[in-house]
Amino acid sequence: RLFIVIGPCSIHDIEAAKDYAARLKVLADEVKDTIYLVMRVYFEKPRTTVGWKGLINDPYLDDSFKIEDGLHIGRQLLRDLAEMGLPTATEALDPISPQYLQDLISWSAIGARTTESQTHREMSSGLSSAVGFKNGTDGSLSVAINALQSVSSPHRFLGINQQGQVSIVTTKGNPYGHVVLRGGNGNDLINKLSTVTRDPDIILLDINMPVMNGFETINWLNEHKPDIKTIALSMDDDEETIIQMLKAGSKGYLLKDIHPDTLHSALKEVVNKGHFYTDNVTSALLSGFSKRDDEDGIASFSERELEFMELACSDKTYKEIASEMCLSPKTIDNYRDTLFKKLEVRSRIGLVLYALKHKIVET
């Protein structure tokens with residue numbers, strides 16, 4: 001059977017996760033003869049700089065960092081899913097937390113950022129599940145292959161025992177390691193297209209990629225593979241970015257936190273009509289093509305960015321802001337990080353001071 005890990009990018013809402021699981025269980029039973037579905041239950045988020053690090057680290061999404069609560073909440077969810085009959089998958093990021101959760105995990109992933117880490121290779125050699133190592137962030141396979149050689153061997157390292165005491169851990173090696181291929185950048189796509197006998201009808205294209213980004217990739221596709229339609233799939237909802245991708249030839253622009261039904265509709269409409277525009281794309285087309293007034297040297301903002309800034313100037317937590325804007329916490333993280341970069345500030349205080357100085361909000 002084909003083995004598929006499927007589910008949300010990360011778990012932040014327990015009730016939503018259970019609702020998703022109930023729906024997935026129905027589908028899993030329908031396709032069980034040909035496909036083995038495993039629910040993605042990721043509790044930890046790797047961060048290159050800063051941001052919400054996942055349910056275990058900050059279960060209430062308010063920077064309270066009640067990690068003990070996060071472990072209890074995460075384990076209870078895994079128990080509930082196991083009782084439903086759904087196998088689960090997660091990313092083994094923190095080297096200690098698997099001791100509390102691993103007996104309820106069917107498959108573990110080691111991310112592209114940590115595949116090269118000796119600590120994670122040693123830890124994986126003792127995990128009681130199959131472990132998939134992603135190829136590197138640059139798309140190369142060598143680090144993942146080296147990881148497989150390491151994880152299959154016995155290791156000794158400092159860890160904790162079942163009582164939570166610091167101990168010397170000895171592992172036997174994990175014979176069930178394997179490589180999880182991920183597209184690193186546009187170059188990987190070009191190499192893949194050179195090996196296929198039939199080009200795909202549609203390509204979902206990320207924008208922020210190393211080596212060869214989405215803009216460079218779509219320009220290459222326009223020149224060498226003009227019959228392939230592309231849909232941009234990104235966390236960036238900035239009007240300038242949306243317009244740039246549409247001008248470059250993208251047939252649609254989707255945010256990564258869209259509902260699966262929207263993705264399905266987008267694929268059908270691009271095939272049948274040649275394009276698919278969501279509300280945020282329509283808004284960008286209506287307002288973004290007009291020349292913006294920058295005489296005062298003030299940065300330009302989308303309506304949603306302005307709404308976020310106004311709420312950020314209140315006493316609301318990021319979790320409350322996400323709820324009020326009807327967005328996921330990770331999208332709120334993206335708004336915050338984008339604005340920090342755009343305004344060259346490092347904290348919420350800096351953002352508030354900017355908003356007050358330029359009268360974006362009133363005191």
# chains A, B, ... in the order shown; residues from 1 in each chain; ligands from 1
>>> residues_around(residues="Arg113 in chain A", least_positions_apart="6", cutoff="9 Å", atoms="only C-alpha atoms", output="PyMOL selection string")
chain A and resi 46+48+134+136-137
>>> select_by_dssp(residues="range 120-214 of chain A", states="alpha helix (DSSP H)", output="list in words")
His120, Arg121, Glu122, Met123, Ser124, Ser142, Val143, Ala144, Ile145, Asn146, Ala147, Leu148, Gln149, Ser150, Val151, Gly186, Asn187, Asp188, Leu189, Ile190, Asn191, Lys192, Leu193 and Gly214 of chain A
>>> write_last_selection(atoms="N, CA, C and O atoms", output="CSV table (one decimal), in the first residue's frame")
chain,number,residue,atom,x,y,z
A,120,HIS,N,20.4,14.7,16.7
A,120,HIS,CA,19.1,14.1,16.2
A,120,HIS,C,19.4,12.8,15.5
A,120,HIS,O,18.5,11.9,15.6
A,121,ARG,N,20.5,12.5,15.0
A,121,ARG,CA,20.9,11.2,14.5
A,121,ARG,C,21.0,10.2,15.6
A,121,ARG,O,20.5,9.1,15.5
A,122,GLU,N,21.6,10.6,16.7
A,122,GLU,CA,21.8,9.7,17.9
A,122,GLU,C,20.4,9.4,18.5
A,122,GLU,O,20.1,8.3,18.8
A,123,MET,N,19.6,10.5,18.6
A,123,MET,CA,18.3,10.3,19.2
A,123,MET,C,17.5,9.3,18.3
A,123,MET,O,16.8,8.4,18.9
A,124,SER,N,17.5,9.5,17.0
A,124,SER,CA,16.7,8.7,16.1
A,124,SER,C,17.1,7.2,16.1
A,124,SER,O,16.3,6.3,15.9
A,142,SER,N,23.1,14.2,0.2
A,142,SER,CA,24.2,13.6,0.9
A,142,SER,C,24.0,13.6,2.4
A,142,SER,O,24.4,12.6,3.1
A,143,VAL,N,23.5,14.7,2.9
A,143,VAL,CA,23.3,14.7,4.4
A,143,VAL,C,22.3,13.7,4.9
A,143,VAL,O,22.5,13.1,6.0
A,144,ALA,N,21.3,13.5,4.1
A,144,ALA,CA,20.3,12.5,4.5
A,144,ALA,C,20.8,11.1,4.4
A,144,ALA,O,20.6,10.2,5.3
A,145,ILE,N,21.6,10.8,3.4
A,145,ILE,CA,22.2,9.5,3.2
A,145,ILE,C,23.2,9.2,4.4
A,145,ILE,O,23.3,8.1,4.9
A,146,ASN,N,24.0,10.2,4.7
A,146,ASN,CA,24.9,10.1,5.8
A,146,ASN,C,24.1,9.8,7.1
A,146,ASN,O,24.6,9.1,8.0
A,147,ALA,N,23.0,10.5,7.3
A,147,ALA,CA,22.1,10.3,8.4
A,147,ALA,C,21.7,8.8,8.5
A,147,ALA,O,21.6,8.3,9.6
A,148,LEU,N,21.3,8.2,7.4
A,148,LEU,CA,20.9,6.8,7.4
A,148,LEU,C,22.0,5.9,7.9
A,148,LEU,O,21.7,4.9,8.7
A,149,GLN,N,23.2,6.2,7.5
A,149,GLN,CA,24.3,5.3,8.0
A,149,GLN,C,24.5,5.5,9.5
A,149,GLN,O,24.8,4.5,10.2
A,150,SER,N,24.3,6.7,10.0
A,150,SER,CA,24.5,7.0,11.4
A,150,SER,C,23.4,6.4,12.2
A,150,SER,O,23.6,5.7,13.2
A,151,VAL,N,22.1,6.6,11.8
A,151,VAL,CA,21.0,6.1,12.6
A,151,VAL,C,20.9,4.6,12.7
A,151,VAL,O,20.3,4.1,13.7
A,186,GLY,N,14.0,25.8,-7.2
A,186,GLY,CA,13.7,25.7,-8.6
A,186,GLY,C,14.6,24.8,-9.4
A,186,GLY,O,14.2,24.1,-10.3
A,187,ASN,N,15.9,24.7,-9.0
A,187,ASN,CA,16.8,23.9,-9.7
A,187,ASN,C,16.4,22.4,-9.6
A,187,ASN,O,16.5,21.6,-10.6
A,188,ASP,N,15.9,22.0,-8.4
A,188,ASP,CA,15.4,20.6,-8.3
A,188,ASP,C,14.2,20.3,-9.2
A,188,ASP,O,14.1,19.2,-9.8
A,189,LEU,N,13.4,21.3,-9.3
A,189,LEU,CA,12.2,21.1,-10.2
A,189,LEU,C,12.7,21.0,-11.7
A,189,LEU,O,12.2,20.1,-12.4
A,190,ILE,N,13.6,21.8,-12.1
A,190,ILE,CA,14.2,21.7,-13.5
A,190,ILE,C,14.8,20.3,-13.7
A,190,ILE,O,14.6,19.7,-14.7
A,191,ASN,N,15.6,19.9,-12.7
A,191,ASN,CA,16.2,18.5,-12.9
A,191,ASN,C,15.2,17.4,-12.9
A,191,ASN,O,15.3,16.5,-13.7
A,192,LYS,N,14.1,17.6,-12.1
A,192,LYS,CA,13.0,16.6,-12.2
A,192,LYS,C,12.3,16.6,-13.5
A,192,LYS,O,12.0,15.5,-14.1
A,193,LEU,N,12.0,17.7,-14.0
A,193,LEU,CA,11.3,17.8,-15.3
A,193,LEU,C,12.1,17.2,-16.4
A,193,LEU,O,11.5,16.7,-17.4
A,214,GLY,N,10.9,31.4,-6.4
A,214,GLY,CA,9.7,31.3,-7.2
A,214,GLY,C,9.7,32.2,-8.4
A,214,GLY,O,9.2,31.7,-9.5
>>> residues_around(residues="Gln244 in chain A", least_positions_apart="5", cutoff="9 Å", atoms="only C-alpha atoms", output="PyMOL selection string")
chain A and resi 215+239+249
>>> closest_residue(among="A:Ile73, A:Ile360, A:Cys313, A:Ala130", to="Ser300 in chain A", atoms="only C-alpha atoms")
A:Ile360
>>> residues_around(residues="Leu233 in chain A", least_positions_apart="5", cutoff="12 Å", atoms="only C-alpha atoms", output="list in words")
Ile203, Leu204, Leu205, Asp206, Ile207, Asn208, Met209, Gly214, Thr241, Ile242, Met245, Ser250, Lys251, Gly252, Tyr253, Leu254, Leu255, Lys256, Asp257, Ile258, Leu263, Ala266 and Leu267 of chain A
>>> closest_residue(among="A:Ser140, A:Gly51, A:Glu223, A:Gly350", to="Val180 in chain A", atoms="only C-alpha atoms")
A:Ser140
>>> residues_around(residues="Leu55 in chain A", least_positions_apart="6", cutoff="7 Å", atoms="only C-alpha atoms", output="CSV table (one decimal) with N, CA, C and O atoms, in the first residue's frame")
chain,number,residue,atom,x,y,z
A,11,ILE,N,-0.2,21.5,15.0
A,11,ILE,CA,-1.4,21.4,15.9
A,11,ILE,C,-1.3,22.6,16.8
A,11,ILE,O,-0.4,22.9,17.6
A,12,HIS,N,-2.4,23.5,16.8
A,12,HIS,CA,-2.5,24.5,17.7
A,12,HIS,C,-3.9,24.6,18.4
A,12,HIS,O,-4.1,25.2,19.4
A,43,PHE,N,3.9,18.8,16.9
A,43,PHE,CA,3.8,19.7,18.1
A,43,PHE,C,4.9,20.7,18.2
A,43,PHE,O,4.9,21.6,19.1
A,44,GLU,N,5.9,20.6,17.4
A,44,GLU,CA,7.1,21.4,17.5
A,44,GLU,C,7.4,22.1,16.2
A,44,GLU,O,7.3,21.4,15.1
A,70,GLY,N,2.0,21.7,27.9
A,70,GLY,CA,2.0,21.3,26.5
A,70,GLY,C,2.3,19.8,26.3
A,70,GLY,O,1.7,19.2,25.5
>>> closest_residue(among="A:Thr115, A:Tyr335, A:Ala322, A:Thr278", to="Glu305 in chain A", atoms="only C-alpha atoms")
A:Tyr335
>>> residues_around(residues="Gly54 in chain A", least_positions_apart="6", cutoff="12 Å", atoms="only C-alpha atoms", output="PyMOL selection string")
chain A and resi 9-13+41-47+60-63+65-67+70-71+73-74+90-91+93-94+329-330+333
>>> write_last_selection(atoms="N, CA, C and O atoms", output="compact mmCIF listing (two decimals), in the first residue's frame")
# COMPACT_ATOMS: atom_id res chain seq x y z
N CYS A 9 -0.19 21.66 9.12
CA CYS A 9 1.23 22.00 9.27
C CYS A 9 1.68 21.80 10.70
O CYS A 9 2.74 21.27 10.96
N SER A 10 0.85 22.22 11.66
CA SER A 10 1.14 21.99 13.08
C SER A 10 -0.17 22.04 13.85
O SER A 10 -1.16 22.58 13.37
N ILE A 11 -0.16 21.48 15.05
CA ILE A 11 -1.35 21.45 15.88
C ILE A 11 -1.34 22.65 16.82
O ILE A 11 -0.38 22.85 17.56
N HIS A 12 -2.41 23.45 16.76
CA HIS A 12 -2.54 24.54 17.73
C HIS A 12 -3.92 24.57 18.37
O HIS A 12 -4.10 25.17 19.42
N ASP A 13 -4.88 23.89 17.76
CA ASP A 13 -6.26 23.85 18.25
C ASP A 13 -6.65 22.38 18.42
O ASP A 13 -6.83 21.67 17.43
N VAL A 41 0.77 14.99 13.12
CA VAL A 41 0.48 15.63 14.40
C VAL A 41 1.78 16.27 14.89
O VAL A 41 2.49 15.73 15.73
N TYR A 42 2.09 17.43 14.34
CA TYR A 42 3.36 18.10 14.65
C TYR A 42 3.16 19.06 15.81
O TYR A 42 2.37 20.00 15.72
N PHE A 43 3.89 18.84 16.89
CA PHE A 43 3.79 19.66 18.09
C PHE A 43 4.91 20.69 18.21
O PHE A 43 4.86 21.56 19.06
N GLU A 44 5.95 20.56 17.39
CA GLU A 44 7.12 21.44 17.51
C GLU A 44 7.42 22.08 16.16
O GLU A 44 7.33 21.42 15.13
N LYS A 45 7.78 23.36 16.18
CA LYS A 45 8.05 24.09 14.96
C LYS A 45 9.49 24.59 14.96
O LYS A 45 9.88 25.37 15.84
N PRO A 46 10.29 24.18 14.00
CA PRO A 46 11.65 24.72 13.91
C PRO A 46 11.61 26.17 13.45
O PRO A 46 10.86 26.50 12.53
N ARG A 47 12.38 27.02 14.08
CA ARG A 47 12.40 28.44 13.72
C ARG A 47 13.82 28.87 13.38
O ARG A 47 14.75 28.63 14.16
N TYR A 60 -0.67 27.70 24.98
CA TYR A 60 -1.76 28.67 25.01
C TYR A 60 -1.54 29.85 24.06
O TYR A 60 -2.32 30.81 24.05
N LEU A 61 -0.45 29.79 23.28
CA LEU A 61 -0.16 30.80 22.26
C LEU A 61 -0.12 32.20 22.81
O LEU A 61 -0.54 33.17 22.17
N ASP A 62 0.38 32.35 24.04
CA ASP A 62 0.41 33.67 24.67
C ASP A 62 1.78 33.99 25.26
O ASP A 62 1.90 34.86 26.12
N ASP A 63 2.81 33.28 24.81
CA ASP A 63 4.18 33.47 25.30
C ASP A 63 4.32 33.13 26.78
O ASP A 63 5.23 33.63 27.45
N PHE A 65 4.73 29.91 27.74
CA PHE A 65 5.71 28.82 27.67
C PHE A 65 5.50 27.79 28.79
O PHE A 65 6.45 27.38 29.45
N LYS A 66 4.26 27.34 28.93
CA LYS A 66 3.95 26.31 29.92
C LYS A 66 4.18 24.93 29.30
O LYS A 66 3.24 24.23 28.90
N ILE A 67 5.46 24.56 29.24
CA ILE A 67 5.87 23.36 28.52
C ILE A 67 5.31 22.10 29.15
O ILE A 67 4.92 21.16 28.45
N GLY A 70 1.98 21.71 27.93
CA GLY A 70 2.04 21.33 26.52
C GLY A 70 2.27 19.84 26.33
O GLY A 70 1.66 19.21 25.46
N LEU A 71 3.15 19.26 27.15
CA LEU A 71 3.40 17.82 27.07
C LEU A 71 2.16 17.02 27.43
O LEU A 71 1.83 16.03 26.76
N ILE A 73 -1.03 18.06 27.26
CA ILE A 73 -2.05 18.28 26.23
C ILE A 73 -1.73 17.47 24.97
O ILE A 73 -2.60 16.83 24.38
N GLY A 74 -0.45 17.51 24.57
CA GLY A 74 -0.04 16.77 23.38
C GLY A 74 -0.21 15.28 23.54
O GLY A 74 -0.71 14.59 22.64
N THR A 90 4.94 12.64 13.63
CA THR A 90 5.37 13.93 14.15
C THR A 90 6.81 14.18 13.75
O THR A 90 7.50 13.28 13.25
N GLU A 91 7.27 15.41 13.96
CA GLU A 91 8.69 15.71 13.76
C GLU A 91 9.39 15.66 15.10
O GLU A 91 8.97 16.33 16.05
N LEU A 93 11.90 16.95 17.10
CA LEU A 93 12.74 18.15 17.08
C LEU A 93 13.53 18.30 18.38
O LEU A 93 14.75 18.34 18.37
N ASP A 94 12.82 18.40 19.50
CA ASP A 94 13.49 18.47 20.79
C ASP A 94 14.01 17.08 21.16
O ASP A 94 13.27 16.10 21.06
N PRO A 329 -2.60 31.15 14.00
CA PRO A 329 -1.45 31.76 14.68
C PRO A 329 -0.21 31.86 13.80
O PRO A 329 0.53 32.83 13.89
N LYS A 330 -0.01 30.89 12.91
CA LYS A 330 1.19 30.96 12.06
C LYS A 330 1.09 32.11 11.06
O LYS A 330 2.10 32.72 10.70
N ASP A 333 1.99 35.11 12.98
CA ASP A 333 3.45 35.13 13.08
C ASP A 333 4.06 35.73 11.82
O ASP A 333 5.02 36.52 11.88
>>> residues_around(residues="range 156-165 of chain A", least_positions_apart="6", cutoff="8 Å", atoms="only C-alpha atoms", output="PyMOL selection string")
chain A and resi 96+99+122+171
>>> write_last_selection(atoms="all heavy atoms", output="PDB file, in the first residue's frame")
ATOM      1  N   ILE A  96      14.577  15.686  23.937  1.00  0.00           N
ATOM      2  CA  ILE A  96      14.076  15.119  25.190  1.00  0.00           C
ATOM      3  C   ILE A  96      12.607  14.716  25.100  1.00  0.00           C
ATOM      4  O   ILE A  96      12.206  13.663  25.591  1.00  0.00           O
ATOM      5  CB  ILE A  96      14.283  16.113  26.360  1.00  0.00           C
ATOM      6  CG1 ILE A  96      15.777  16.307  26.617  1.00  0.00           C
ATOM      7  CG2 ILE A  96      13.597  15.622  27.630  1.00  0.00           C
ATOM      8  CD1 ILE A  96      16.085  17.319  27.702  1.00  0.00           C
ATOM      9  N   GLN A  99      10.821  11.100  24.685  1.00  0.00           N
ATOM     10  CA  GLN A  99      10.712  10.158  25.799  1.00  0.00           C
ATOM     11  C   GLN A  99       9.300  10.149  26.373  1.00  0.00           C
ATOM     12  O   GLN A  99       8.860   9.151  26.939  1.00  0.00           O
ATOM     13  CB  GLN A  99      11.715  10.539  26.904  1.00  0.00           C
ATOM     14  CG  GLN A  99      13.175  10.481  26.484  1.00  0.00           C
ATOM     15  CD  GLN A  99      13.704   9.059  26.427  1.00  0.00           C
ATOM     16  OE1 GLN A  99      12.974   8.108  26.628  1.00  0.00           O
ATOM     17  NE2 GLN A  99      14.986   8.920  26.129  1.00  0.00           N
ATOM     18  N   GLU A 122      21.632  10.628  16.689  1.00  0.00           N
ATOM     19  CA  GLU A 122      21.771   9.745  17.851  1.00  0.00           C
ATOM     20  C   GLU A 122      20.406   9.450  18.459  1.00  0.00           C
ATOM     21  O   GLU A 122      20.087   8.294  18.769  1.00  0.00           O
ATOM     22  CB  GLU A 122      22.685  10.395  18.889  1.00  0.00           C
ATOM     23  CG  GLU A 122      24.133  10.488  18.459  1.00  0.00           C
ATOM     24  CD  GLU A 122      24.985  11.280  19.442  1.00  0.00           C
ATOM     25  OE1 GLU A 122      24.409  12.053  20.249  1.00  0.00           O
ATOM     26  OE2 GLU A 122      26.217  11.122  19.404  1.00  0.00           O
ATOM     27  N   THR A 171      21.725   2.982  22.618  1.00  0.00           N
ATOM     28  CA  THR A 171      20.743   2.532  21.623  1.00  0.00           C
ATOM     29  C   THR A 171      21.318   1.388  20.788  1.00  0.00           C
ATOM     30  O   THR A 171      22.540   1.211  20.705  1.00  0.00           O
ATOM     31  CB  THR A 171      20.342   3.681  20.685  1.00  0.00           C
ATOM     32  OG1 THR A 171      21.469   4.050  19.874  1.00  0.00           O
ATOM     33  CG2 THR A 171      19.887   4.900  21.483  1.00  0.00           C
TER      34      THR A 171
END
>>> atom_distance(atom1="CA of Ile4 in chain A", atom2="CA of Tyr36 in chain A")
6.2 Å
>>> closest_residue(among="A:Lys316, A:Gly173, A:Asn185, A:Thr197", to="Pro210 in chain A", atoms="only C-alpha atoms")
A:Asn185
